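Have a look at the structure below, then the notes.
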Amino acid sequence: GSRSSSKAALQRGRMRLSLQEHLWAFYNERVNISAEEQQAARHAALDICAELRAFIHTKVPDMPLRDMYLSGSLYHDLQVVSADHAQLMVPLILEKSLWSFIPGEETIMNVPGFWLVRRENLEYFPRGSSYWDRCLIGGYLSPKSVLEVFEKLVTGCMNWPAIGSVLGYVVRPAVPSLTGAITLALEVQYDSDRWLHVDFLPLLVSEDTVSLVAKPHRERDNLWRQSFWSSETTRLLALDRDDDGCRCVCLKIAKAVCKLNPALTLLNASHLANAVLLLSESEHDWSRGALAERFTQLIRALVGHLEAERLPCALDYKVNLLCELTAREVDELGYTLYCSLSDPESLLRT
Ligand code: GDP
């Protein structure tokens with residue numbers, strides 16, 4: 001009757017309260033990074049960026065680049081657990097008349113969110129007219145080949161032991177990841193127990209301001225990845241600023257859960273940020289007191305996206321952020337999260 005249902009409601013309230021407390025404790029103890037640690041990491045990243053900039057400028061003065069800059073969660077207080085990585089954005093300059101961007105859905109591969117960059121006008125401007133022609137593969141600019149150009153410079157030509165000792169760091173090129181992804185990164189030890197991973201991310205910006213990053217599709221390494229990162233981050237921060245909300249806290253807790261739980265590492269910042277943005281379209285109360293409810297809803301929403309094998313990008317619904325995962329990976333992620341639904345706190349016991 002009404003008595004037992006009110007008792008159940010009370011119990012639910014208590015459970016919520018305790019989940020709420022656990023979430024905030026987890027956030028303060030494990031997730032959030034002190035301002036001092038963030039500052040130290042940013043400082044090291046800046047030193048490395050300055051060295052690279054100077055070196056590339058002297059060694060290959062004719063390479064058409066815009067100014068490199070640092071970017072990533074570290075710069076918006078969205079990094080979690082430890083301040084251990086940053087992206088070094090390297091914007092390439094492409095001649096407008098020589099290159100065109102072709103959306104993935106207009107190619108036979110049919111993948112929204114990825115693009116081909118085609119060399120145009122080869123009959124009038126033969127191969128070699130553009131600096132970046134050296135990275136052409138089959139008539140298209142290859143992100144892999146662009147990364148290789150930088151790899152030769154950064155790991156082949158720079159004397160990192162010497163540079164590191166001047167800066168007081170230990171610097172070495174990072175070992176490629178086990179997933180076989182094509183990446184270029186530096187590993188910087190800037191204190192006895194502090195490391196920073198600096199990822200090199202060549203970037204193309206088209207006239208209509210589509211940004212593409214040289215982080216190729218998992219299986220098709222001639223495709224450039226469209227970057228929604230700036231718009232996602234700007235939107236999240238703006239939403240929270242407007243209503244003093246806890247979307248970023250919720251996102252950071254989810255990021256930490258996925259970073260610390262080996263069964264969930266395939267869920268990345270972009271998956272989680274977009275899930276939060278999508279949830280923000282239907283849920284408007286993001287006050288601090290609603291954290292437990294929103295967090296639980298976020299997990300449930302993720303289970304739903306994984307079941308449907310579809311997590312749309314909040315900035316472009318035709319992009320499915322799960323498209324690079326195999327059915328098996330999607331299944332396993334979904335299963336792990338589904339099992340946590342009855343006891344969301346279990347996700348915090350890492
Ligand atoms: P975190 O690394 O999990 O803390 O999350 P971030 O928000 O820093 O996400 C960084 C990831 O987004 C990296 O894997 C980047 O390769 C990828 N990414 C894609 N586009 C961009 C971009 O425009 N800027 C940055 N900083 N990262 C991008």
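FYI, nothing fancy with the structure tokens labels: chains A, B, ... in order, residues from 1 per chain, ligands from 1 as they appear.
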Interface rows for chain A against ligand 1: nearest pair, Å to one decimal, 6 Å, only C-alpha atoms and all ligand atoms, as a Markdown table:
```
| residue | atom | partner | partner_atom_place_in_ligand_line | distance |
| --- | --- | --- | --- | --- |
| A:Ser71 | CA | ligand 1 | 26 (N) | 4.2 |
| A:Gly72 | CA | ligand 1 | 26 (N) | 3.5 |
| A:Ser73 | CA | ligand 1 | 8 (O) | 3.7 |
| A:Gln79 | CA | ligand 1 | 4 (O) | 4.4 |
| A:Gln87 | CA | ligand 1 | 26 (N) | 5.0 |
| A:Ser227 | CA | ligand 1 | 20 (N) | 4.2 |
| A:Trp229 | CA | ligand 1 | 23 (O) | 4.8 |
| A:Ser230 | CA | ligand 1 | 23 (O) | 5.7 |
| A:Asn268 | CA | ligand 1 | 3 (O) | 5.9 |
| A:Ala269 | CA | ligand 1 | 3 (O) | 4.4 |
```
Atoms kept (N, CA, C and O atoms) for selection, written as a PDB file, in the first residue's frame:
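Produced file result-v6.pdb, reproduced below:
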```pdb
ATOM      1  N   SER A  71      46.834  21.976 -26.217  1.00  0.00           N
ATOM      2  CA  SER A  71      45.387  21.866 -26.093  1.00  0.00           C
ATOM      3  C   SER A  71      45.047  20.588 -25.308  1.00  0.00           C
ATOM      4  O   SER A  71      45.913  19.762 -25.051  1.00  0.00           O
ATOM      5  N   GLY A  72      43.779  20.468 -24.951  1.00  0.00           N
ATOM      6  CA  GLY A  72      43.331  19.250 -24.282  1.00  0.00           C
ATOM      7  C   GLY A  72      42.660  19.532 -22.950  1.00  0.00           C
ATOM      8  O   GLY A  72      42.552  20.688 -22.519  1.00  0.00           O
ATOM      9  N   SER A  73      42.233  18.454 -22.309  1.00  0.00           N
ATOM     10  CA  SER A  73      41.503  18.583 -21.050  1.00  0.00           C
ATOM     11  C   SER A  73      42.316  19.297 -19.976  1.00  0.00           C
ATOM     12  O   SER A  73      41.757  19.950 -19.097  1.00  0.00           O
ATOM     13  N   GLN A  79      40.785  17.291 -17.063  1.00  0.00           N
ATOM     14  CA  GLN A  79      41.601  16.093 -16.959  1.00  0.00           C
ATOM     15  C   GLN A  79      41.338  15.435 -15.610  1.00  0.00           C
ATOM     16  O   GLN A  79      40.937  16.113 -14.673  1.00  0.00           O
ATOM     17  N   GLN A  87      47.831  17.625 -25.692  1.00  0.00           N
ATOM     18  CA  GLN A  87      48.003  17.528 -27.141  1.00  0.00           C
ATOM     19  C   GLN A  87      48.749  18.758 -27.641  1.00  0.00           C
ATOM     20  O   GLN A  87      48.452  19.873 -27.227  1.00  0.00           O
ATOM     21  N   SER A 227      37.272  16.810 -35.984  1.00  0.00           N
ATOM     22  CA  SER A 227      37.380  17.097 -34.571  1.00  0.00           C
ATOM     23  C   SER A 227      36.234  17.989 -34.117  1.00  0.00           C
ATOM     24  O   SER A 227      36.048  19.079 -34.637  1.00  0.00           O
ATOM     25  N   TRP A 229      36.086  18.481 -30.880  1.00  0.00           N
ATOM     26  CA  TRP A 229      36.569  18.667 -29.522  1.00  0.00           C
ATOM     27  C   TRP A 229      36.335  20.088 -28.987  1.00  0.00           C
ATOM     28  O   TRP A 229      35.808  20.259 -27.885  1.00  0.00           O
ATOM     29  N   SER A 230      36.707  21.092 -29.790  1.00  0.00           N
ATOM     30  CA  SER A 230      36.565  22.476 -29.303  1.00  0.00           C
ATOM     31  C   SER A 230      35.105  22.829 -29.055  1.00  0.00           C
ATOM     32  O   SER A 230      34.774  23.418 -28.023  1.00  0.00           O
ATOM     33  N   ASN A 268      36.013   6.680 -24.360  1.00  0.00           N
ATOM     34  CA  ASN A 268      36.939   7.808 -24.216  1.00  0.00           C
ATOM     35  C   ASN A 268      36.195   9.105 -23.883  1.00  0.00           C
ATOM     36  O   ASN A 268      34.968   9.133 -23.762  1.00  0.00           O
ATOM     37  N   ALA A 269      36.984  10.172 -23.772  1.00  0.00           N
ATOM     38  CA  ALA A 269      36.429  11.468 -23.377  1.00  0.00           C
ATOM     39  C   ALA A 269      35.328  11.920 -24.331  1.00  0.00           C
ATOM     40  O   ALA A 269      34.330  12.500 -23.910  1.00  0.00           O
TER      41      ALA A 269
END
```
Write out as a PDB file with N, CA, C and O atoms, in the first residue's frame which residues come within 12 Å of Lys59 in chain A when counting only C-alpha atoms, dropping same-chain ones fewer than 6 positions away.
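Output file selection_16.pdb follows:
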```pdb
ATOM      1  N   GLU A  51      60.615  24.103 -27.462  1.00  0.00           N
ATOM      2  CA  GLU A  51      61.749  23.432 -28.108  1.00  0.00           C
ATOM      3  C   GLU A  51      61.387  22.938 -29.503  1.00  0.00           C
ATOM      4  O   GLU A  51      62.140  23.092 -30.460  1.00  0.00           O
ATOM      5  N   LEU A  52      60.214  22.324 -29.610  1.00  0.00           N
ATOM      6  CA  LEU A  52      59.782  21.771 -30.889  1.00  0.00           C
ATOM      7  C   LEU A  52      59.581  22.867 -31.921  1.00  0.00           C
ATOM      8  O   LEU A  52      59.997  22.755 -33.068  1.00  0.00           O
ATOM      9  N   ARG A  53      58.952  23.920 -31.475  1.00  0.00           N
ATOM     10  CA  ARG A  53      58.668  25.044 -32.350  1.00  0.00           C
ATOM     11  C   ARG A  53      59.982  25.614 -32.909  1.00  0.00           C
ATOM     12  O   ARG A  53      60.137  25.789 -34.116  1.00  0.00           O
ATOM     13  N   PHE A 150      56.610  14.062 -39.429  1.00  0.00           N
ATOM     14  CA  PHE A 150      56.946  14.640 -38.120  1.00  0.00           C
ATOM     15  C   PHE A 150      57.740  13.655 -37.266  1.00  0.00           C
ATOM     16  O   PHE A 150      58.617  14.042 -36.512  1.00  0.00           O
ATOM     17  N   LYS A 152      59.943  11.530 -38.296  1.00  0.00           N
ATOM     18  CA  LYS A 152      61.363  11.580 -38.702  1.00  0.00           C
ATOM     19  C   LYS A 152      62.055  12.769 -38.058  1.00  0.00           C
ATOM     20  O   LYS A 152      63.179  12.669 -37.590  1.00  0.00           O
ATOM     21  N   LEU A 153      61.363  13.909 -38.014  1.00  0.00           N
ATOM     22  CA  LEU A 153      61.955  15.113 -37.432  1.00  0.00           C
ATOM     23  C   LEU A 153      62.082  14.999 -35.919  1.00  0.00           C
ATOM     24  O   LEU A 153      63.134  15.245 -35.347  1.00  0.00           O
ATOM     25  N   VAL A 154      60.980  14.624 -35.302  1.00  0.00           N
ATOM     26  CA  VAL A 154      60.906  14.708 -33.839  1.00  0.00           C
ATOM     27  C   VAL A 154      61.684  13.596 -33.154  1.00  0.00           C
ATOM     28  O   VAL A 154      62.378  13.825 -32.175  1.00  0.00           O
ATOM     29  N   CYS A 157      65.589  13.381 -35.599  1.00  0.00           N
ATOM     30  CA  CYS A 157      66.570  14.471 -35.705  1.00  0.00           C
ATOM     31  C   CYS A 157      66.816  15.237 -34.415  1.00  0.00           C
ATOM     32  O   CYS A 157      67.825  15.920 -34.282  1.00  0.00           O
ATOM     33  N   MET A 158      65.878  15.165 -33.485  1.00  0.00           N
ATOM     34  CA  MET A 158      66.069  15.993 -32.295  1.00  0.00           C
ATOM     35  C   MET A 158      66.842  15.229 -31.233  1.00  0.00           C
ATOM     36  O   MET A 158      66.605  14.048 -31.003  1.00  0.00           O
TER      37      MET A 158
END
```
Which residues of range 76-137 of chain A come within 6 Å of range 191-207 of chain A, and what is each one's closest atom pair and distance in Å (one decimal), counting only C-alpha atoms, sorted by chain and residue number, as CSV?
```
residue,atom,partner,partner_atom,distance
A:Asp84,CA,A:Leu196,CA,4.4
A:His85,CA,A:His197,CA,4.5
A:Ala86,CA,A:Val198,CA,5.1
A:Gln87,CA,A:Asp199,CA,4.7
A:Leu88,CA,A:Phe200,CA,5.0
A:Met89,CA,A:Leu201,CA,4.9
A:Val90,CA,A:Pro202,CA,4.4
A:Pro91,CA,A:Leu203,CA,4.5
A:Leu92,CA,A:Leu204,CA,5.8
```
Set the distance at 10 Å and use only C-alpha atoms: which residues neighbour Ser280 in chain A once local chain neighbours fewer than 2 positions away are removed? I'd like the list as a list in words. Leu236, Leu239, Arg247, Asn274, Ala275, Val276, Leu277, Leu278, Ser282, Glu283, His284, Asp285, Trp286, Arg294 and Leu298 of chain A
Could you tell me, as a short mmCIF file (atom, residue, chain, number, x, y, z; two decimals) with N, CA, C and O atoms, in the first residue's frame, which residues of range 111-341 of chain A DSSP assigns to alpha helix (DSSP H) when given the backbone?
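In the end it all went to part.cif:
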```
data_model
loop_
_atom_site.label_atom_id
_atom_site.label_comp_id
_atom_site.auth_asym_id
_atom_site.auth_seq_id
_atom_site.Cartn_x
_atom_site.Cartn_y
_atom_site.Cartn_z
N PRO A 143 47.00 10.99 -43.54
CA PRO A 143 47.34 11.43 -42.18
C PRO A 143 48.52 10.63 -41.62
O PRO A 143 49.36 11.16 -40.90
N LYS A 144 48.58 9.37 -42.03
CA LYS A 144 49.66 8.51 -41.55
C LYS A 144 51.01 9.02 -42.06
O LYS A 144 51.99 9.09 -41.33
N SER A 145 51.00 9.40 -43.32
CA SER A 145 52.23 9.86 -43.93
C SER A 145 52.65 11.23 -43.36
O SER A 145 53.84 11.51 -43.19
N VAL A 146 51.67 12.06 -43.04
CA VAL A 146 51.98 13.35 -42.38
C VAL A 146 52.63 13.09 -41.02
O VAL A 146 53.64 13.70 -40.67
N LEU A 147 52.06 12.14 -40.29
CA LEU A 147 52.64 11.82 -38.99
C LEU A 147 54.08 11.30 -39.14
O LEU A 147 54.94 11.60 -38.32
N GLU A 148 54.31 10.55 -40.22
CA GLU A 148 55.65 10.01 -40.44
C GLU A 148 56.68 11.11 -40.71
O GLU A 148 57.83 11.02 -40.26
N VAL A 149 56.25 12.15 -41.42
CA VAL A 149 57.14 13.28 -41.67
C VAL A 149 57.59 13.89 -40.33
O VAL A 149 58.77 14.15 -40.10
N PHE A 150 56.61 14.06 -39.43
CA PHE A 150 56.95 14.64 -38.12
C PHE A 150 57.74 13.66 -37.27
O PHE A 150 58.62 14.04 -36.51
N GLU A 151 57.43 12.39 -37.45
CA GLU A 151 58.16 11.41 -36.66
C GLU A 151 59.65 11.44 -36.99
O GLU A 151 60.49 11.41 -36.10
N TRP A 160 66.93 14.58 -27.95
CA TRP A 160 66.13 14.73 -26.73
C TRP A 160 66.91 14.56 -25.44
O TRP A 160 66.66 15.29 -24.47
N PRO A 161 67.91 13.62 -25.38
CA PRO A 161 68.68 13.56 -24.12
C PRO A 161 69.31 14.91 -23.78
O PRO A 161 69.25 15.36 -22.64
N ALA A 162 69.89 15.56 -24.81
CA ALA A 162 70.56 16.86 -24.55
C ALA A 162 69.53 17.93 -24.18
O ALA A 162 69.71 18.67 -23.22
N ILE A 163 68.42 17.98 -24.95
CA ILE A 163 67.40 18.99 -24.67
C ILE A 163 66.83 18.77 -23.27
O ILE A 163 66.67 19.70 -22.48
N GLY A 164 66.56 17.51 -22.97
CA GLY A 164 65.99 17.16 -21.66
C GLY A 164 66.91 17.59 -20.53
O GLY A 164 66.46 18.15 -19.54
N SER A 165 68.20 17.35 -20.69
CA SER A 165 69.09 17.67 -19.58
C SER A 165 69.18 19.19 -19.38
O SER A 165 69.31 19.65 -18.25
N VAL A 166 69.07 19.95 -20.45
CA VAL A 166 69.04 21.41 -20.30
C VAL A 166 67.78 21.84 -19.53
O VAL A 166 67.82 22.70 -18.66
N LEU A 167 66.65 21.19 -19.87
CA LEU A 167 65.39 21.57 -19.22
C LEU A 167 65.23 20.95 -17.83
O LEU A 167 64.35 21.33 -17.07
N TRP A 229 36.09 18.48 -30.88
CA TRP A 229 36.57 18.67 -29.52
C TRP A 229 36.34 20.09 -28.99
O TRP A 229 35.81 20.26 -27.88
N SER A 230 36.71 21.09 -29.79
CA SER A 230 36.57 22.48 -29.30
C SER A 230 35.10 22.83 -29.05
O SER A 230 34.77 23.42 -28.02
N SER A 231 34.24 22.48 -30.00
CA SER A 231 32.82 22.82 -29.84
C SER A 231 32.21 22.08 -28.66
O SER A 231 31.41 22.65 -27.91
N GLU A 232 32.58 20.79 -28.51
CA GLU A 232 32.05 20.02 -27.38
C GLU A 232 32.45 20.67 -26.06
O GLU A 232 31.62 20.87 -25.17
N THR A 233 33.74 20.98 -25.96
CA THR A 233 34.26 21.53 -24.71
C THR A 233 33.62 22.89 -24.43
O THR A 233 33.16 23.15 -23.31
N THR A 234 33.55 23.73 -25.46
CA THR A 234 32.95 25.05 -25.28
C THR A 234 31.50 24.93 -24.82
O THR A 234 31.07 25.63 -23.91
N ARG A 235 30.76 24.01 -25.46
CA ARG A 235 29.35 23.87 -25.11
C ARG A 235 29.16 23.40 -23.67
O ARG A 235 28.36 23.95 -22.93
N LEU A 236 29.95 22.40 -23.29
CA LEU A 236 29.85 21.89 -21.92
C LEU A 236 30.14 22.96 -20.88
O LEU A 236 29.40 23.14 -19.92
N LEU A 237 31.25 23.67 -21.10
CA LEU A 237 31.64 24.69 -20.13
C LEU A 237 30.59 25.79 -20.07
O LEU A 237 30.25 26.28 -18.99
N ALA A 238 30.03 26.16 -21.22
CA ALA A 238 29.04 27.24 -21.26
C ALA A 238 27.76 26.81 -20.53
O ALA A 238 27.19 27.59 -19.77
N LEU A 239 27.32 25.58 -20.75
CA LEU A 239 26.11 25.10 -20.08
C LEU A 239 26.27 25.16 -18.57
O LEU A 239 25.39 25.63 -17.85
N ASP A 240 27.42 24.66 -18.09
CA ASP A 240 27.67 24.67 -16.65
C ASP A 240 27.77 26.09 -16.11
O ASP A 240 27.32 26.38 -15.01
N ARG A 241 28.36 26.97 -16.89
CA ARG A 241 28.53 28.34 -16.43
C ARG A 241 27.16 29.01 -16.29
O ARG A 241 26.91 29.72 -15.33
N ASP A 242 26.27 28.72 -17.23
CA ASP A 242 24.96 29.36 -17.21
C ASP A 242 24.10 29.00 -16.01
O ASP A 242 23.35 29.82 -15.52
N ASP A 243 24.18 27.73 -15.57
CA ASP A 243 23.29 27.35 -14.47
C ASP A 243 24.07 26.83 -13.27
O ASP A 243 23.51 26.17 -12.40
N ARG A 247 27.63 19.34 -14.80
CA ARG A 247 27.89 18.45 -15.93
C ARG A 247 29.37 18.05 -16.01
O ARG A 247 29.69 16.90 -16.28
N CYS A 248 30.26 19.02 -15.78
CA CYS A 248 31.69 18.71 -15.87
C CYS A 248 32.13 17.78 -14.75
O CYS A 248 32.97 16.89 -14.96
N VAL A 249 31.55 17.97 -13.56
CA VAL A 249 31.87 17.07 -12.45
C VAL A 249 31.42 15.66 -12.81
O VAL A 249 32.15 14.67 -12.65
N CYS A 250 30.21 15.56 -13.34
CA CYS A 250 29.65 14.28 -13.74
C CYS A 250 30.53 13.62 -14.82
O CYS A 250 30.87 12.44 -14.74
N LEU A 251 30.91 14.42 -15.80
CA LEU A 251 31.78 13.92 -16.87
C LEU A 251 33.13 13.45 -16.32
O LEU A 251 33.63 12.39 -16.69
N LYS A 252 33.69 14.25 -15.42
CA LYS A 252 35.02 13.89 -14.90
C LYS A 252 34.95 12.60 -14.09
O LYS A 252 35.86 11.78 -14.15
N ILE A 253 33.88 12.42 -13.34
CA ILE A 253 33.74 11.16 -12.59
C ILE A 253 33.65 9.99 -13.56
O ILE A 253 34.33 8.97 -13.41
N ALA A 254 32.86 10.16 -14.62
CA ALA A 254 32.73 9.08 -15.61
C ALA A 254 34.07 8.82 -16.31
O ALA A 254 34.44 7.67 -16.54
N LYS A 255 34.80 9.88 -16.62
CA LYS A 255 36.11 9.69 -17.25
C LYS A 255 37.05 8.92 -16.34
O LYS A 255 37.78 8.04 -16.78
N ALA A 256 37.04 9.27 -15.04
CA ALA A 256 37.91 8.59 -14.09
C ALA A 256 37.52 7.12 -13.97
O ALA A 256 38.37 6.23 -13.95
N VAL A 257 36.22 6.85 -13.92
CA VAL A 257 35.74 5.47 -13.83
C VAL A 257 36.27 4.67 -15.03
O VAL A 257 36.78 3.56 -14.88
N CYS A 258 36.19 5.25 -16.21
CA CYS A 258 36.62 4.54 -17.41
C CYS A 258 38.14 4.44 -17.51
O CYS A 258 38.68 3.49 -18.05
N LYS A 259 38.82 5.43 -16.96
CA LYS A 259 40.29 5.39 -16.98
C LYS A 259 40.82 4.34 -16.01
O LYS A 259 41.82 3.67 -16.28
N LEU A 260 40.13 4.19 -14.88
CA LEU A 260 40.64 3.31 -13.82
C LEU A 260 40.13 1.87 -13.96
O LEU A 260 40.68 0.97 -13.35
N ALA A 269 36.98 10.17 -23.77
CA ALA A 269 36.43 11.47 -23.38
C ALA A 269 35.33 11.92 -24.33
O ALA A 269 34.33 12.50 -23.91
N SER A 270 35.51 11.64 -25.61
CA SER A 270 34.52 12.10 -26.57
C SER A 270 33.19 11.35 -26.42
O SER A 270 32.11 11.95 -26.45
N HIS A 271 33.25 10.02 -26.21
CA HIS A 271 32.03 9.27 -25.95
C HIS A 271 31.29 9.86 -24.75
O HIS A 271 30.08 10.11 -24.79
N LEU A 272 32.05 10.08 -23.68
CA LEU A 272 31.41 10.48 -22.43
C LEU A 272 30.91 11.93 -22.50
O LEU A 272 29.80 12.23 -22.06
N ALA A 273 31.70 12.79 -23.10
CA ALA A 273 31.28 14.20 -23.19
C ALA A 273 30.00 14.31 -24.03
O ALA A 273 29.09 15.07 -23.69
N ASN A 274 29.94 13.55 -25.10
CA ASN A 274 28.74 13.62 -25.94
C ASN A 274 27.53 13.00 -25.26
O ASN A 274 26.41 13.50 -25.42
N ALA A 275 27.75 11.95 -24.50
CA ALA A 275 26.64 11.37 -23.74
C ALA A 275 26.10 12.40 -22.74
O ALA A 275 24.89 12.52 -22.56
N VAL A 276 27.00 13.16 -22.11
CA VAL A 276 26.55 14.19 -21.17
C VAL A 276 25.81 15.30 -21.93
O VAL A 276 24.75 15.77 -21.49
N LEU A 277 26.33 15.70 -23.08
CA LEU A 277 25.65 16.75 -23.86
C LEU A 277 24.27 16.30 -24.31
O LEU A 277 23.31 17.06 -24.26
N LEU A 278 24.16 15.04 -24.74
CA LEU A 278 22.85 14.54 -25.18
C LEU A 278 21.87 14.51 -24.01
O LEU A 278 20.71 14.87 -24.14
N LEU A 279 22.38 14.09 -22.85
CA LEU A 279 21.52 14.04 -21.67
C LEU A 279 21.08 15.45 -21.26
O LEU A 279 19.96 15.65 -20.77
N SER A 280 21.95 16.42 -21.49
CA SER A 280 21.62 17.81 -21.15
C SER A 280 20.48 18.35 -22.00
O SER A 280 19.85 19.33 -21.63
N GLU A 281 20.25 17.71 -23.16
CA GLU A 281 19.15 18.18 -24.01
C GLU A 281 17.80 17.86 -23.38
O GLU A 281 16.83 18.57 -23.56
N SER A 282 17.73 16.76 -22.61
CA SER A 282 16.44 16.40 -22.01
C SER A 282 16.37 16.69 -20.51
O SER A 282 15.30 16.85 -19.95
N LEU A 291 23.47 15.44 -8.66
CA LEU A 291 24.58 14.70 -9.27
C LEU A 291 24.34 13.19 -9.35
O LEU A 291 24.52 12.58 -10.40
N ALA A 292 23.87 12.61 -8.22
CA ALA A 292 23.71 11.15 -8.21
C ALA A 292 22.69 10.72 -9.24
O ALA A 292 22.88 9.73 -9.97
N GLU A 293 21.60 11.49 -9.33
CA GLU A 293 20.57 11.13 -10.30
C GLU A 293 21.09 11.25 -11.72
O GLU A 293 20.86 10.38 -12.56
N ARG A 294 21.79 12.34 -12.01
CA ARG A 294 22.30 12.54 -13.38
C ARG A 294 23.36 11.49 -13.70
O ARG A 294 23.42 10.98 -14.81
N PHE A 295 24.21 11.17 -12.71
CA PHE A 295 25.25 10.18 -12.97
C PHE A 295 24.63 8.82 -13.31
O PHE A 295 25.02 8.16 -14.27
N THR A 296 23.64 8.42 -12.51
CA THR A 296 22.97 7.14 -12.77
C THR A 296 22.31 7.16 -14.15
O THR A 296 22.37 6.19 -14.90
N GLN A 297 21.70 8.30 -14.46
CA GLN A 297 21.07 8.43 -15.78
C GLN A 297 22.09 8.35 -16.90
O GLN A 297 21.82 7.78 -17.96
N LEU A 298 23.24 8.93 -16.65
CA LEU A 298 24.30 8.90 -17.66
C LEU A 298 24.71 7.45 -17.94
O LEU A 298 24.84 7.04 -19.10
N ILE A 299 24.89 6.68 -16.88
CA ILE A 299 25.28 5.27 -17.06
C ILE A 299 24.18 4.53 -17.82
O ILE A 299 24.44 3.77 -18.75
N ARG A 300 22.92 4.80 -17.44
CA ARG A 300 21.81 4.13 -18.12
C ARG A 300 21.76 4.54 -19.60
O ARG A 300 21.55 3.71 -20.47
N ALA A 301 21.99 5.82 -19.85
CA ALA A 301 21.99 6.30 -21.24
C ALA A 301 23.10 5.61 -22.04
O ALA A 301 22.90 5.19 -23.18
N LEU A 302 24.27 5.46 -21.40
CA LEU A 302 25.38 4.81 -22.10
C LEU A 302 25.03 3.36 -22.44
O LEU A 302 25.32 2.87 -23.53
N VAL A 303 24.39 2.68 -21.48
CA VAL A 303 23.96 1.30 -21.73
C VAL A 303 23.03 1.28 -22.94
O VAL A 303 23.18 0.45 -23.85
N GLY A 304 22.11 2.24 -23.00
CA GLY A 304 21.19 2.33 -24.13
C GLY A 304 21.92 2.57 -25.46
O GLY A 304 21.64 1.90 -26.45
N HIS A 305 22.86 3.49 -25.45
CA HIS A 305 23.62 3.76 -26.68
C HIS A 305 24.39 2.52 -27.12
O HIS A 305 24.45 2.19 -28.30
N LEU A 306 24.96 1.81 -26.14
CA LEU A 306 25.75 0.63 -26.49
C LEU A 306 24.85 -0.49 -27.01
O LEU A 306 25.21 -1.19 -27.95
N GLU A 307 23.67 -0.61 -26.41
CA GLU A 307 22.72 -1.62 -26.89
C GLU A 307 22.32 -1.33 -28.33
O GLU A 307 22.19 -2.23 -29.15
N ALA A 327 31.63 -5.14 -32.77
CA ALA A 327 30.40 -5.54 -32.10
C ALA A 327 30.72 -6.16 -30.73
O ALA A 327 30.03 -5.92 -29.74
N ARG A 328 31.78 -6.91 -30.70
CA ARG A 328 32.18 -7.58 -29.46
C ARG A 328 32.58 -6.55 -28.39
O ARG A 328 32.18 -6.65 -27.22
N GLU A 329 33.36 -5.54 -28.80
CA GLU A 329 33.78 -4.51 -27.83
C GLU A 329 32.57 -3.75 -27.29
O GLU A 329 32.47 -3.49 -26.09
N VAL A 330 31.66 -3.41 -28.20
CA VAL A 330 30.45 -2.69 -27.79
C VAL A 330 29.66 -3.54 -26.79
O VAL A 330 29.19 -3.06 -25.76
N ASP A 331 29.55 -4.81 -27.10
CA ASP A 331 28.85 -5.76 -26.23
C ASP A 331 29.45 -5.82 -24.84
O ASP A 331 28.75 -5.78 -23.84
N GLU A 332 30.76 -5.92 -24.79
CA GLU A 332 31.44 -6.05 -23.50
C GLU A 332 31.32 -4.79 -22.67
O GLU A 332 31.11 -4.84 -21.46
N LEU A 333 31.44 -3.64 -23.33
CA LEU A 333 31.27 -2.36 -22.61
C LEU A 333 29.85 -2.28 -22.06
O LEU A 333 29.64 -1.93 -20.89
N GLY A 334 28.90 -2.60 -22.90
CA GLY A 334 27.50 -2.54 -22.50
C GLY A 334 27.22 -3.47 -21.33
O GLY A 334 26.53 -3.10 -20.38
N TYR A 335 27.79 -4.65 -21.40
CA TYR A 335 27.56 -5.63 -20.34
C TYR A 335 28.13 -5.13 -19.01
O TYR A 335 27.47 -5.18 -17.98
N THR A 336 29.37 -4.63 -19.06
CA THR A 336 30.00 -4.12 -17.83
C THR A 336 29.16 -3.01 -17.21
O THR A 336 28.91 -3.01 -15.99
N LEU A 337 28.71 -2.08 -18.02
CA LEU A 337 27.92 -0.97 -17.48
C LEU A 337 26.54 -1.45 -17.03
O LEU A 337 26.02 -1.00 -16.01
N TYR A 338 25.96 -2.36 -17.80
CA TYR A 338 24.64 -2.88 -17.44
C TYR A 338 24.70 -3.51 -16.05
O TYR A 338 23.83 -3.29 -15.21
N CYS A 339 25.74 -4.29 -15.80
CA CYS A 339 25.88 -4.96 -14.50
C CYS A 339 26.02 -3.95 -13.36
O CYS A 339 25.69 -4.27 -12.21
N SER A 340 26.52 -2.77 -13.66
CA SER A 340 26.72 -1.79 -12.59
C SER A 340 25.43 -1.03 -12.26
O SER A 340 25.37 -0.32 -11.26
#
```
Excluding same-chain residues fewer than 2 positions from Arg30 in chain A, what lies within 10 Å of it counting only C-alpha atoms, as an MDAnalysis selection string? chainID A and resid 24:28 32:33 80:82 253 256:257 260 348 350
Output the selection as a short mmCIF file (atom, residue, chain, number, x, y, z; two decimals), in the first residue's frame - C-alpha atoms for each residue.
```
data_model
loop_
_atom_site.label_atom_id
_atom_site.label_comp_id
_atom_site.auth_asym_id
_atom_site.auth_seq_id
_atom_site.Cartn_x
_atom_site.Cartn_y
_atom_site.Cartn_z
CA TRP A 24 31.54 13.70 -4.20
CA ALA A 25 34.09 11.88 -2.06
CA PHE A 26 35.37 9.99 -5.11
CA TYR A 27 35.52 13.24 -7.03
CA ASN A 28 37.54 14.99 -4.34
CA ASN A 32 40.04 16.05 -9.33
CA ILE A 33 43.63 17.15 -9.86
CA VAL A 80 41.20 13.42 -14.31
CA VAL A 81 43.20 11.33 -11.83
CA SER A 82 46.62 12.71 -12.78
CA ILE A 253 33.74 11.16 -12.59
CA ALA A 256 37.91 8.59 -14.09
CA VAL A 257 35.74 5.47 -13.83
CA LEU A 260 40.64 3.31 -13.82
CA LEU A 348 33.81 3.82 -7.83
CA THR A 350 38.62 0.85 -8.35
#
```
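Reported to one decimal place, the separation of CA of Met68 in chain A from CA of Cys49 in chain A is 7.7 Å.
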